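Enquirer: Got model.cif for you, mmCIF, C-alpha atoms:
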```
data_structure
#
loop_
_atom_site.label_atom_id
_atom_site.label_comp_id
_atom_site.auth_asym_id
_atom_site.auth_seq_id
_atom_site.Cartn_x
_atom_site.Cartn_y
_atom_site.Cartn_z
CA MET W 26 82.35 123.21 89.04
CA SER W 27 81.09 119.61 88.67
CA VAL W 28 82.54 116.66 90.56
CA LEU W 29 84.14 115.42 87.34
CA ASP W 30 85.80 118.81 86.79
CA LYS W 31 87.29 118.62 90.29
CA ILE W 32 88.57 115.11 89.65
CA TYR W 33 90.07 116.21 86.33
CA GLU W 34 91.92 119.00 88.14
CA LYS W 35 93.38 116.45 90.58
CA ALA W 36 94.48 114.23 87.72
CA LYS W 37 96.46 117.01 86.07
CA LEU W 38 98.38 117.67 89.26
CA ASN W 39 99.73 114.11 89.38
CA PRO W 40 99.32 112.18 86.09
CA GLN W 41 99.47 108.41 86.54
CA LYS W 42 100.68 105.73 84.14
CA VAL W 43 97.63 103.93 82.70
CA ALA W 44 98.21 100.70 80.77
CA PHE W 45 95.82 99.97 77.88
CA PRO W 46 95.99 96.27 76.86
CA GLU W 47 93.18 96.84 74.33
CA ALA W 48 95.01 99.75 72.72
CA ALA W 49 94.21 98.69 69.16
CA ASN W 50 90.51 99.26 69.81
CA GLU W 51 89.57 102.55 68.18
CA LYS W 52 87.49 103.92 71.06
CA MET W 53 90.08 102.90 73.63
CA MET W 54 92.91 104.49 71.66
CA GLN W 55 90.97 107.73 71.24
CA ALA W 56 90.18 107.93 74.96
CA ALA W 57 93.83 107.21 75.80
CA PHE W 58 94.99 109.86 73.35
CA GLU W 59 92.61 112.57 74.60
CA ALA W 60 93.37 111.90 78.26
CA GLY W 61 97.11 111.84 77.54
CA LYS W 62 97.18 114.84 75.21
CA GLU W 63 95.30 116.94 77.79
CA GLY W 64 97.78 115.99 80.53
CA TYR W 65 95.53 113.86 82.74
CA ILE W 66 97.43 110.57 82.38
CA ILE W 67 100.53 108.99 80.87
CA PRO W 68 99.06 106.43 78.41
CA LEU W 69 100.91 103.16 77.91
CA LEU W 70 99.78 101.23 74.83
CA VAL W 71 100.40 97.52 75.45
CA GLY W 72 100.62 95.11 72.53
CA LYS W 73 102.67 94.61 69.40
CA ALA W 74 104.34 97.99 69.14
CA GLU W 75 104.81 97.96 65.37
CA ASP W 76 101.10 97.31 64.79
CA LEU W 77 100.07 99.92 67.34
CA ARG W 78 102.33 102.58 65.82
CA ALA W 79 100.81 101.88 62.43
CA LEU W 80 97.30 102.32 63.83
CA VAL W 81 98.26 105.55 65.60
CA LYS W 82 99.59 106.94 62.32
CA GLU W 83 96.59 105.70 60.33
CA ARG W 84 94.16 107.33 62.78
CA GLY W 85 96.02 110.63 62.81
CA TYR W 86 97.14 110.69 66.46
CA GLU W 87 100.40 112.20 67.69
CA GLU W 88 102.74 109.31 68.45
CA SER W 89 104.61 111.38 71.05
CA VAL W 90 101.57 111.31 73.37
CA PHE W 91 101.91 107.55 73.86
CA THR W 92 104.45 105.21 75.39
CA PHE W 93 104.51 101.93 73.46
CA VAL W 94 105.05 98.73 75.42
CA ASP W 95 106.00 95.92 73.06
CA ILE W 96 104.95 92.52 74.43
CA GLU W 97 107.41 90.90 71.99
CA ASP W 98 110.41 92.84 73.34
CA GLU W 99 112.41 90.27 75.30
CA GLU W 100 114.48 92.76 77.29
CA THR W 101 111.40 94.61 78.59
CA THR W 102 109.56 91.35 79.28
CA ALA W 103 112.48 89.90 81.23
CA LYS W 104 112.71 93.06 83.34
CA ILE W 105 109.01 92.91 84.22
CA ILE W 106 109.13 89.19 85.01
CA GLU W 107 112.13 89.67 87.29
CA ALA W 108 110.40 92.46 89.23
CA TYR W 109 107.12 90.56 89.40
CA VAL W 110 108.43 87.25 90.72
CA ALA W 111 110.64 89.06 93.24
CA ARG W 112 107.56 90.34 95.07
CA PRO W 113 106.56 88.26 98.10
CA ASP W 114 102.82 88.57 97.38
CA THR W 115 102.74 87.08 93.87
CA LEU W 116 101.72 83.54 93.00
CA LEU W 117 102.98 82.92 89.47
CA LYS W 118 106.50 81.70 88.84
CA GLU W 119 108.58 82.75 85.83
CA LYS W 120 107.52 80.04 83.37
CA ALA W 121 103.79 80.36 84.08
CA LEU W 122 104.01 84.15 84.10
CA ARG W 123 105.75 84.24 80.74
CA ARG W 124 102.96 82.14 79.21
CA ARG W 125 100.29 84.45 80.64
CA MET W 126 102.09 87.54 79.38
CA ALA W 127 101.48 86.52 75.78
CA ASP W 128 98.07 88.11 76.44
CA PRO W 129 98.30 91.94 76.61
CA LEU W 130 95.77 91.99 79.49
CA TYR W 131 98.06 89.88 81.67
CA TYR W 132 101.14 91.70 80.41
CA ALA W 133 99.65 95.05 81.50
CA MET W 134 98.78 93.71 84.93
CA ALA W 135 102.25 92.21 85.36
CA MET W 136 103.64 95.67 84.57
CA GLN W 137 101.33 97.18 87.16
CA LYS W 138 102.34 94.70 89.85
CA ALA W 139 105.99 95.29 88.98
CA GLY W 140 105.55 99.04 89.45
CA GLU W 141 105.77 99.96 85.75
CA ALA W 142 102.12 101.08 85.56
CA ASP W 143 99.62 102.48 88.06
CA VAL W 144 96.34 101.34 86.47
CA THR W 145 95.20 98.70 83.99
CA PHE W 146 92.17 99.81 81.95
CA ALA W 147 90.24 97.28 79.85
CA GLY W 148 86.77 95.91 79.20
CA ILE W 149 85.90 96.49 75.54
CA ASP W 150 87.60 93.46 73.97
CA ASN W 151 87.75 91.48 77.23
CA THR W 152 84.68 90.53 79.25
CA THR W 153 84.17 91.64 82.84
CA GLY W 154 84.92 88.06 83.87
CA ASP W 155 88.22 88.16 81.98
CA VAL W 156 89.26 91.39 83.71
CA LEU W 157 88.23 90.18 87.18
CA LEU W 158 90.03 86.85 86.78
CA ALA W 159 93.22 88.48 85.52
CA GLY W 160 93.09 91.07 88.29
CA GLN W 161 92.71 88.48 91.02
CA MET W 162 95.52 86.37 89.61
CA MET W 163 98.00 89.15 88.75
CA ILE W 164 97.23 92.07 91.09
CA GLY W 165 95.65 90.20 93.99
CA LEU W 166 93.20 91.32 96.65
CA LYS W 167 93.85 93.72 99.50
CA PRO W 168 94.71 92.09 102.83
CA GLY W 169 91.52 91.20 104.70
CA ILE W 170 89.36 91.53 101.58
CA SER W 171 87.98 88.45 99.82
CA THR W 172 85.40 90.11 97.56
CA ILE W 173 85.71 92.13 94.38
CA SER W 174 82.92 94.67 94.15
CA SER W 175 82.10 98.04 92.65
CA ILE W 176 81.03 101.52 93.63
CA GLY W 177 79.49 104.39 91.71
CA LEU W 178 79.51 108.11 92.42
CA ALA W 179 76.13 109.78 91.94
CA ASP W 180 75.81 113.52 91.36
CA ILE W 181 72.11 114.13 92.11
CA PRO W 182 70.60 117.51 91.21
CA GLY W 183 68.68 118.97 94.14
CA PHE W 184 70.02 116.48 96.68
CA GLU W 185 71.36 118.23 99.76
CA GLY W 186 73.39 115.58 101.50
CA SER W 187 76.44 115.69 103.71
CA GLU W 188 78.62 116.05 100.57
CA GLU W 189 76.22 118.45 98.83
CA SER W 190 74.81 116.69 95.73
CA LEU W 191 77.17 113.69 95.84
CA LEU W 192 76.48 110.20 97.14
CA ALA W 193 78.59 107.06 96.69
CA VAL W 194 76.55 103.87 96.13
CA GLY W 195 77.50 100.20 95.80
CA ASP W 196 77.56 97.47 94.85
CA SER W 197 75.42 98.03 91.77
CA ALA W 198 77.34 95.95 89.23
CA VAL W 199 79.35 92.95 90.45
CA CYS W 200 78.17 90.98 93.51
CA THR W 201 74.77 89.43 92.84
CA ASN W 202 73.73 88.29 96.31
CA PRO W 203 76.58 88.91 98.78
CA ASN W 204 76.56 87.12 102.11
CA ALA W 205 77.26 89.03 105.32
CA GLU W 206 81.04 88.61 105.03
CA GLN W 207 81.05 89.81 101.42
CA LEU W 208 78.75 92.72 102.25
CA ALA W 209 81.16 93.79 104.98
CA ASP W 210 84.03 93.66 102.45
CA ILE W 211 82.04 95.83 100.04
CA ALA W 212 81.50 98.46 102.75
CA ILE W 213 85.17 98.50 103.75
CA SER W 214 86.33 98.74 100.13
CA ALA W 215 83.83 101.54 99.46
CA CYS W 216 85.23 103.57 102.34
CA GLU W 217 88.74 103.18 100.97
CA THR W 218 87.61 104.10 97.45
CA VAL W 219 86.02 107.42 98.45
CA GLN W 220 89.03 108.24 100.62
CA SER W 221 91.44 107.71 97.72
CA LEU W 222 89.29 109.39 95.06
CA LEU W 223 87.70 112.29 96.92
CA GLY W 224 89.51 112.61 100.25
CA TRP W 225 86.23 112.21 102.13
CA GLU W 226 85.97 111.04 105.71
CA PRO W 227 83.72 108.05 104.93
CA ARG W 228 80.33 107.67 106.63
CA CYS W 229 79.01 104.38 105.32
CA ALA W 230 75.40 103.26 105.80
CA MET W 231 74.34 99.66 105.20
CA VAL W 232 70.71 99.84 104.15
CA SER W 233 67.69 97.54 104.18
CA TYR W 234 63.92 97.85 104.67
CA SER W 235 64.48 98.13 108.43
CA THR W 236 66.05 100.71 110.73
CA LEU W 237 67.74 99.22 113.81
CA GLY W 238 65.31 96.35 114.27
CA SER W 239 62.08 97.98 113.09
CA GLY W 240 61.61 94.93 110.85
CA GLN W 241 62.58 91.28 111.18
CA GLY W 242 63.71 88.50 108.89
CA GLU W 243 66.71 86.90 107.24
CA LEU W 244 67.17 89.76 104.76
CA ILE W 245 67.69 92.13 107.68
CA ASP W 246 69.80 89.63 109.62
CA LYS W 247 72.31 89.55 106.76
CA VAL W 248 72.76 93.32 106.89
CA THR W 249 73.06 93.52 110.68
CA GLU W 250 75.64 90.73 110.64
CA ALA W 251 77.55 92.53 107.88
CA VAL W 252 77.65 95.69 110.01
CA ARG W 253 79.04 93.69 112.92
CA ILE W 254 81.74 92.06 110.76
CA ALA W 255 82.74 95.35 109.12
CA LYS W 256 83.08 97.10 112.49
CA GLU W 257 85.11 94.20 113.86
CA LYS W 258 87.44 94.18 110.83
CA ARG W 259 87.82 97.95 110.57
CA PRO W 260 86.85 99.74 113.80
CA ASP W 261 88.61 102.84 112.43
CA LEU W 262 85.92 103.31 109.76
CA ASN W 263 82.48 104.86 110.27
CA ILE W 264 80.24 102.00 109.12
CA ASP W 265 76.77 101.69 110.65
CA GLY W 266 73.27 100.27 110.15
CA GLU W 267 71.00 98.67 109.45
CA PHE W 268 69.18 101.79 108.24
CA GLN W 269 66.40 102.50 105.80
CA LEU W 270 67.65 104.77 103.04
CA ASP W 271 65.91 107.87 104.36
CA ALA W 272 67.32 107.34 107.85
CA ALA W 273 70.78 107.04 106.31
CA ILE W 274 70.78 110.29 104.34
CA SER W 275 68.18 112.59 105.93
CA PRO W 276 69.04 114.25 109.29
CA ALA W 277 65.34 114.89 110.00
CA VAL W 278 64.37 111.25 109.46
CA ALA W 279 67.39 109.98 111.38
CA GLN W 280 66.41 112.12 114.35
CA LYS W 281 63.05 110.34 114.48
CA LYS W 282 64.14 106.79 113.69
CA VAL W 283 67.64 106.39 115.14
CA LYS W 284 67.43 106.49 118.93
CA ARG W 285 71.16 106.11 119.62
CA GLU W 286 74.35 107.95 118.77
CA SER W 287 75.59 107.29 115.26
CA PRO W 288 78.34 108.99 113.23
CA VAL W 289 76.54 107.88 110.06
CA ALA W 290 72.75 108.13 110.48
CA GLY W 291 71.31 111.10 108.58
CA LYS W 292 74.66 112.08 107.11
CA ALA W 293 75.89 109.04 105.17
CA ASN W 294 78.04 109.79 102.14
CA ILE W 295 78.19 106.09 101.15
CA VAL W 296 75.21 103.76 100.83
CA ILE W 297 75.73 99.99 100.58
CA TRP W 298 72.89 98.05 98.97
CA PRO W 299 72.03 94.58 100.40
CA ASP W 300 72.14 92.89 96.95
CA LEU W 301 72.37 93.55 93.24
CA ASN W 302 68.58 93.65 92.71
CA VAL W 303 68.34 96.62 95.07
CA GLY W 304 71.56 98.16 93.74
CA ASN W 305 70.62 98.04 90.07
CA VAL W 306 67.09 99.32 90.68
CA GLY W 307 68.37 101.99 93.08
CA VAL W 308 70.85 103.40 90.57
CA LYS W 309 68.26 103.39 87.78
CA LEU W 310 65.81 105.27 90.04
CA ILE W 311 68.45 107.88 90.87
CA GLN W 312 69.24 108.32 87.19
CA GLN W 313 65.69 108.31 85.81
CA PHE W 314 63.82 110.27 88.47
CA GLY W 315 66.67 112.16 90.12
CA HIS W 316 68.34 112.97 86.77
CA ALA W 317 71.66 112.02 88.33
CA ASP W 318 74.98 111.48 86.61
CA VAL W 319 76.47 108.27 87.98
CA TYR W 320 80.21 107.77 87.42
CA GLY W 321 81.51 104.23 87.43
CA PRO W 322 81.19 101.42 88.21
CA MET W 323 84.64 101.47 89.80
CA LEU W 324 86.06 98.07 90.68
CA GLN W 325 87.38 97.79 94.22
CA GLY W 326 89.06 95.24 96.43
CA PHE W 327 92.25 94.82 94.37
CA ASN W 328 95.69 95.72 95.71
CA SER W 329 95.84 98.49 93.11
CA VAL W 330 93.41 99.97 90.59
CA VAL W 331 91.98 97.70 87.90
CA CYS W 332 89.24 99.03 85.63
CA ASP W 333 86.57 97.36 83.57
CA CYS W 334 84.47 99.55 81.29
CA SER W 335 81.23 98.85 79.46
CA ARG W 336 81.62 97.51 75.91
CA GLY W 337 79.02 99.96 74.69
CA ALA W 338 80.48 102.99 76.45
CA PRO W 339 81.13 106.08 74.32
CA VAL W 340 84.61 107.60 74.18
CA SER W 341 83.62 110.42 76.56
CA GLU W 342 82.56 107.94 79.24
CA ILE W 343 85.68 105.80 78.78
CA LYS W 344 87.85 108.90 79.06
CA GLY W 345 86.09 110.01 82.25
CA ASN W 346 86.51 106.61 83.85
CA VAL W 347 90.18 106.46 82.83
CA ILE W 348 90.80 109.78 84.58
CA ILE W 349 88.81 108.73 87.67
CA SER W 350 90.91 105.56 87.81
CA ALA W 351 94.13 107.55 87.66
CA VAL W 352 93.05 109.81 90.53
CA ARG W 353 92.09 106.75 92.58
CA ALA W 354 95.54 105.25 91.95
CA ALA W 355 97.27 108.44 93.11
CA GLY W 356 95.03 108.59 96.17
CA MET W 357 95.68 104.96 97.09
CA LYS W 358 99.41 105.66 97.24
CA LYS W 359 98.73 108.36 99.84
CA VAL W 360 96.30 106.23 101.88
#
```
Translate this file's structure into structure tokens.
Expert:
Amino acid sequence: MSVLDKIYEKAKLNPQKVAFPEAANEKMMQAAFEAGKEGYIIPLLVGKAEDLRALVKERGYEESVFTFVDIEDEETTAKIIEAYVARPDTLLKEKALRRRMADPLYYAMAMQKAGEADVTFAGIDNTTGDVLLAGQMMIGLKPGISTISSIGLADIPGFEGSEESLLAVGDSAVCTNPNAEQLADIAISACETVQSLLGWEPRCAMVSYSTLGSGQGELIDKVTEAVRIAKEKRPDLNIDGEFQLDAAISPAVAQKKVKRESPVAGKANIVIWPDLNVGNVGVKLIQQFGHADVYGPMLQGFNSVVCDCSRGAPVSEIKGNVIISAVRAAGMKKV
């Protein structure tokens, strides 16, 4: 059974409410329908309900699979606004919130913050920047986290790691050149993501071209400082480094290179790249030469799950990421 099959099984046990503010988009609607029809999620189509119902009928989908959220329904809108502004951790007041909620993206996130949805899923009609900005404004960042980042889950044929063929890697999509503080945030968020999605005990390695001082320079200094900050912020998490990649994931190499006790060296299940150059190249190498399936990127750092998908993604990929997002949301409630 593949990792995605296992995640799909989890989703069916506890379907979450996923809000789709780009519901009119044909690919998004199809993914929402398939995931809802098969019992993985409860799809909420956010927009002008009359128009959305017409599209559902035109495209031949079963209307009963969907819940329609009409952004022009005053009673529903007032209920969401009341719940949103009552929360102590929200910034927008009623008048400003009402203006924002004319946009389905902001309406969906207001619903999520108010407890009417568990996930907001977008990214085809809105840019990544749009989704990130709305998420920061409406959902907010987790306490102690100041950086939005991403993580991917690689299923690498032939890799025999501490989680069999699986390895979580990040950030490969969002933070271009994180400083030490941001890198620490990425590591902490990655640990929380794998806990909520997979139930792993995280072992997070921060990698560079040096293992525990074997090299010198400012590129290494950033990683070692990030390790220090991450450990100081979250001493309960197993975050260690700096390690070269092989010392992070290979017990035999770690035995030679790491001359101190480490809960991570040689058995990391999370690898944190030092910057986006390394992250992007690293993921492409895993995919091209390791023939890996890489699921994601999954946004992390928000108070609850916000998803941005690729504009060019096929329906199958969108559906998979929707279901992954739902399982993350259910897991975050437990954590």
Enquirer: From the options W:Asp271, W:Glu97, W:Asp318, W:Asp265, which residue's atoms come nearest to Gly186 of chain W, counting only C-alpha atoms?
Expert: W:Asp271
Enquirer: Enumerate, as a ChimeraX atom specification, the residues matched when the PyMOL selection byres ((chain W and resi 342-355) around 9) is run on the file above.
Expert: /W:29,32-33,35-36,39-43,52-53,55-57,59-60,65-66,143-146,218-223,320-323,329-332,334-335,338-341,356-359
Enquirer: Could you tell me how far atom CA of Gly148 of chain W sits from atom CA of Ser89 of chain W, in Å to one decimal place?
Expert: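 Between atom CA of Ser89 of chain W and atom CA of Gly148 of chain W the gap is 25.0 Å.
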Enquirer: Residues at most 12 Å from Glu243 of chain W, counting only C-alpha atoms, excluding those fewer than 3 positions away in the same chain, as an MDAnalysis selection string?
Expert: chainID W and resid 204:205 233:235 238 240 246:250 299
Enquirer: Specify as a VMD selection string each residue included when the PyMOL selection byres ((chain W and resi 211) around 8) is applied to this file.
Expert: chain W and resid 172 to 175 195 to 196 207 to 210 212 to 215 297 326
Enquirer: Which is closer to Gly64 of chain W than all the others in W:Glu34, W:Asp76, W:Phe327, W:Glu83, using only C-alpha atoms?
Expert: W:Glu34
Enquirer: Can you work out the spacing between atom CA of Ile96 of chain W and atom CA of Thr152 of chain W in Å, to one decimal?
Expert: 20.9 Å
Enquirer: List the residues matched by the PyMOL selection byres ((chain W and resi 292) around 12) in the displayed structure as a PyMOL selection string, ordered by chain and then by residue number.
Expert: chain W and resi 185-189+191-192+226-230+263-265+268+270-280+287-291+293-296
Enquirer: Would you mind exporting C-alpha atoms of the selected residues as a PDB file, keeping the file's coordinate frame?
Expert:
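Below you can see out10.pdb, which holds the result:
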```pdb
ATOM      1  CA  GLU W 185      71.360 118.230  99.760  1.00  0.00           C
ATOM      2  CA  GLY W 186      73.390 115.580 101.500  1.00  0.00           C
ATOM      3  CA  SER W 187      76.440 115.690 103.710  1.00  0.00           C
ATOM      4  CA  GLU W 188      78.620 116.050 100.570  1.00  0.00           C
ATOM      5  CA  GLU W 189      76.220 118.450  98.830  1.00  0.00           C
ATOM      6  CA  LEU W 191      77.170 113.690  95.840  1.00  0.00           C
ATOM      7  CA  LEU W 192      76.480 110.200  97.140  1.00  0.00           C
ATOM      8  CA  GLU W 226      85.970 111.040 105.710  1.00  0.00           C
ATOM      9  CA  PRO W 227      83.720 108.050 104.930  1.00  0.00           C
ATOM     10  CA  ARG W 228      80.330 107.670 106.630  1.00  0.00           C
ATOM     11  CA  CYS W 229      79.010 104.380 105.320  1.00  0.00           C
ATOM     12  CA  ALA W 230      75.400 103.260 105.800  1.00  0.00           C
ATOM     13  CA  ASN W 263      82.480 104.860 110.270  1.00  0.00           C
ATOM     14  CA  ILE W 264      80.240 102.000 109.120  1.00  0.00           C
ATOM     15  CA  ASP W 265      76.770 101.690 110.650  1.00  0.00           C
ATOM     16  CA  PHE W 268      69.180 101.790 108.240  1.00  0.00           C
ATOM     17  CA  LEU W 270      67.650 104.770 103.040  1.00  0.00           C
ATOM     18  CA  ASP W 271      65.910 107.870 104.360  1.00  0.00           C
ATOM     19  CA  ALA W 272      67.320 107.340 107.850  1.00  0.00           C
ATOM     20  CA  ALA W 273      70.780 107.040 106.310  1.00  0.00           C
ATOM     21  CA  ILE W 274      70.780 110.290 104.340  1.00  0.00           C
ATOM     22  CA  SER W 275      68.180 112.590 105.930  1.00  0.00           C
ATOM     23  CA  PRO W 276      69.040 114.250 109.290  1.00  0.00           C
ATOM     24  CA  ALA W 277      65.340 114.890 110.000  1.00  0.00           C
ATOM     25  CA  VAL W 278      64.370 111.250 109.460  1.00  0.00           C
ATOM     26  CA  ALA W 279      67.390 109.980 111.380  1.00  0.00           C
ATOM     27  CA  GLN W 280      66.410 112.120 114.350  1.00  0.00           C
ATOM     28  CA  SER W 287      75.590 107.290 115.260  1.00  0.00           C
ATOM     29  CA  PRO W 288      78.340 108.990 113.230  1.00  0.00           C
ATOM     30  CA  VAL W 289      76.540 107.880 110.060  1.00  0.00           C
ATOM     31  CA  ALA W 290      72.750 108.130 110.480  1.00  0.00           C
ATOM     32  CA  GLY W 291      71.310 111.100 108.580  1.00  0.00           C
ATOM     33  CA  ALA W 293      75.890 109.040 105.170  1.00  0.00           C
ATOM     34  CA  ASN W 294      78.040 109.790 102.140  1.00  0.00           C
ATOM     35  CA  ILE W 295      78.190 106.090 101.150  1.00  0.00           C
ATOM     36  CA  VAL W 296      75.210 103.760 100.830  1.00  0.00           C
TER      37      VAL W 296
END
```
Enquirer: Kindly give the distance, in Å, that separates atom CA of Glu51 of chain W and atom CA of Ile149 of chain W, rounded to a single decimal.
Expert: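 That distance, rounded to one decimal, is 10.2 Å.
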Enquirer: Would you mind listing what lies within 12 Å of Asp114 of chain W as a list in words, with only C-alpha atoms counted and same-chain residues fewer than 6 positions away left out?
Expert: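 Here the qualifying residues turn out to be Ala108, Lys138, Ala139, Gln161, Met162, Met163, Ile164, Gly165, Leu166, Lys167, Pro168 and Asn328 of chain W.
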Enquirer: Restricting the calculation to all atoms listed in the file, which member of W:Val283, W:Ala121, W:Val252, W:Ala142 is positioned closest to Thr236 of chain W?
Expert: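 Counting all atoms listed in the file, the residue closest to Thr236 of chain W is W:Val283.
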Enquirer: Taking all atoms listed in the file into account, which of W:Ala135, W:Leu324, W:Ala44, W:Ile311 comes nearest Gly183 of chain W?
Expert: W:Ile311
Enquirer: Which residue out of W:Leu157, W:Ile170, W:Cys216, W:Val71 has the minimum interatomic distance to Asp128 of chain W when only C-alpha atoms are used?
Expert: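 Closest residue, counting only C-alpha atoms: W:Val71.
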Enquirer: Skip Tyr132 of chain W itself and residues of its chain fewer than 2 positions away, then list as a PyMOL selection string all residues within 10 Å of it, counting all atoms listed in the file.
Expert: chain W and resi 44+46+71-72+94-96+102+105-106+122-130+134-138+145+159+163
Enquirer: So which one's closest to Glu217 of chain W, W:Asp300, W:Glu87, W:Asp98, W:Asp261? Using all atoms listed in the file, please.
Expert: W:Asp261
